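Trainee: Sharing a structure below in structure tokens format, with a few things to ask.
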Amino acid sequence: MVCCGLRFSSPPRNHGAGTPVRVRSLRCSSLPGPRPPARRISRRPPQRTALSSASLAGHYCVKCGTPLTTRVIEGRELEACPNDDFVLWRDPKVAAAVVVEHGGGIVVGRRAIEPAYGLWCLPGGFVNHDEDPKDAAIRECMEEIGAHVELTELLGLYHVAKTTASSIVGIAFRGRVVDGEEIQAGPEMLELGVFRPDELPPLAFPSHREVLKMYEAAAAGSALRPSRE
Ligand SMILES: [Zn+2]
């Protein structure tokens with residue numbers, strides 16, 4: 001299949017909009033790129049929160065301006081106001097990731113930003129506070145792979161547990177590039193590639209690898225379902 005290794009590079013900076021450069025690599029296995037990071041994100045079940053002292057310092061009450069103090073509330077160590085009922089609840093951020101089908105393969109991009117500069121990932125990103133997650137997924141695809149994407153399936157949820165920053169609740173979608181659209185690397189991507197699922201380069205984030213497993217299960221399920229006449 002020609003989809004394997006078809007790569008779409010980002011246009012040069014300050015060069016205006018242009019036709020994407022397409023380079024067909026010899027073999028997927030010959031693709032350059034760093035190995036995925038050895039660090040793995042802990043997926044321990046939720047426990048009584050033990051925030052670092054650094055994360056529990058320096059916040060003030062939004063009602064009265066008093067420095068918050070540490071208090072155990074509902075079994076969790078939280079910052080709260082000693083004068084009133086304000087509690088600084090720590091909420092997760094919401095993100096979306098999309099497995100985009102295109103030309104017989106899946107679109108992935110090599111990151112031009114940290115974290116994981118130079119490594120491959122799925123298109124996706126954070127959901128804005130006033131944004132429907134589906135709209136966020138489509139917007140992130142437009143920003144990162146330069147094409148309109150139609151979401152075709154909700155694959156599932158994923159969770160990225162963090163201790164020094166907000167944890168992430170992720171929503172995984174399956175989608176496809178709208179007919180007639182061309183993909184092009186956005187400013188946050190060094191290049192794009194379209195690979196068959198079994199020939200994808202290593203992905204940077206464990207959560208994206210988890211999303212791919214959801215996709216493989218969904219694709220296998222849809223392949224097994226009898227087609228409707
Ligand atoms: Zn207060």
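Ordered as shown in the structure tokens, chains take letters A, B, and onward, while each chain numbers its residues from 1 and ligands are numbered from 1 in the order shown.
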Distance limit 7 Å, reference ligand 1, atoms considered: only C-alpha atoms and all ligand atoms. Which residues make the cut? Give them as JSON, numbers by chain.
Mentor: {"A": [61, 62, 63, 64, 65, 66, 81, 82, 83, 84, 85, 86]}
Trainee: Now that the selection is made, can you save its residues with C-alpha atoms as a CSV table (one decimal), in the first residue's frame?
Mentor:
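Generated file (out.csv):
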```csv
chain,number,residue,atom,x,y,z
A,61,CYS,CA,-9.2,32.9,48.6
A,62,VAL,CA,-11.2,34.3,45.6
A,63,LYS,CA,-13.8,35.6,48.0
A,64,CYS,CA,-11.8,37.5,50.7
A,65,GLY,CA,-8.1,37.3,49.6
A,66,THR,CA,-6.9,35.4,52.7
A,81,CYS,CA,-10.1,29.5,53.3
A,82,PRO,CA,-9.9,29.8,57.1
A,83,ASN,CA,-12.5,32.6,57.0
A,84,ASP,CA,-15.3,31.3,54.8
A,85,ASP,CA,-16.4,28.3,52.8
A,86,PHE,CA,-14.1,28.6,49.7
```
Trainee: Using only C-alpha atoms, I'd like a table of the residues in segment 104-160 of chain A that come within 12 Å of segment 178-183 of chain A; for each, show the closest atom pair and its distance in Å rounded to one decimal, ordered by chain and ascending number, as a tab-separated table.
Mentor:
```
residue	atom	partner	partner_atom	distance
A:Ile106	CA	A:Ile183	CA	11.6
A:Val107	CA	A:Ile183	CA	8.7
A:Val108	CA	A:Ile183	CA	10.7
A:Gly109	CA	A:Ile183	CA	10.7
A:Pro123	CA	A:Ile183	CA	11.8
A:Ile138	CA	A:Val178	CA	11.2
A:Cys141	CA	A:Ile183	CA	9.6
A:Met142	CA	A:Ile183	CA	8.9
A:Glu143	CA	A:Ile183	CA	10.5
A:Glu144	CA	A:Ile183	CA	9.1
A:Ile145	CA	A:Ile183	CA	5.4
A:Gly146	CA	A:Ile183	CA	5.3
A:Ala147	CA	A:Ile183	CA	5.3
A:His148	CA	A:Val178	CA	5.8
A:Val149	CA	A:Val178	CA	5.5
A:Glu150	CA	A:Val178	CA	6.1
A:Leu151	CA	A:Val178	CA	9.6
A:Thr152	CA	A:Val178	CA	11.0
```
Trainee: So which bits of segment 42-194 of chain A end up helix (DSSP H, G or I) when you DSSP the backbone, as a PyMOL selection string?
Mentor: chain A and resi 54-56+133-145
Trainee: Applying 10 Å and only C-alpha atoms, which residues near Val127 of chain A remain after dropping the ones on its own chain fewer than 4 positions away? List them as an MDAnalysis selection string.
Mentor: chainID A and resid 93:96 131:137 139:140 170:171
Trainee: Could you check the closest approach to Val194 of chain A for each of A:Ala217, A:Ile113, A:Val87, A:Val177 and tell me which residue wins, using only C-alpha atoms?
Mentor: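 Closest candidate: A:Val177.
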Trainee: By how many Å are atom CA of Ala185 of chain A and atom CA of Ser222 of chain A apart?
Mentor: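 Pair atom CA of Ala185 of chain A / atom CA of Ser222 of chain A returns 29.5 Å.
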Trainee: For Ala220 of chain A, which residue out of A:Leu190, A:Pro197, A:Val98, A:His59 is the nearest one, using only C-alpha atoms?
Mentor: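 For Ala220 of chain A, the nearest of the given residues is A:Pro197.
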Trainee: Choose the residue, out of A:Gly124, A:Gly175, A:Gly103, A:Pro67, that has the smallest atom-to-atom separation from Ala219 of chain A; count only C-alpha atoms.
Mentor: A:Gly175
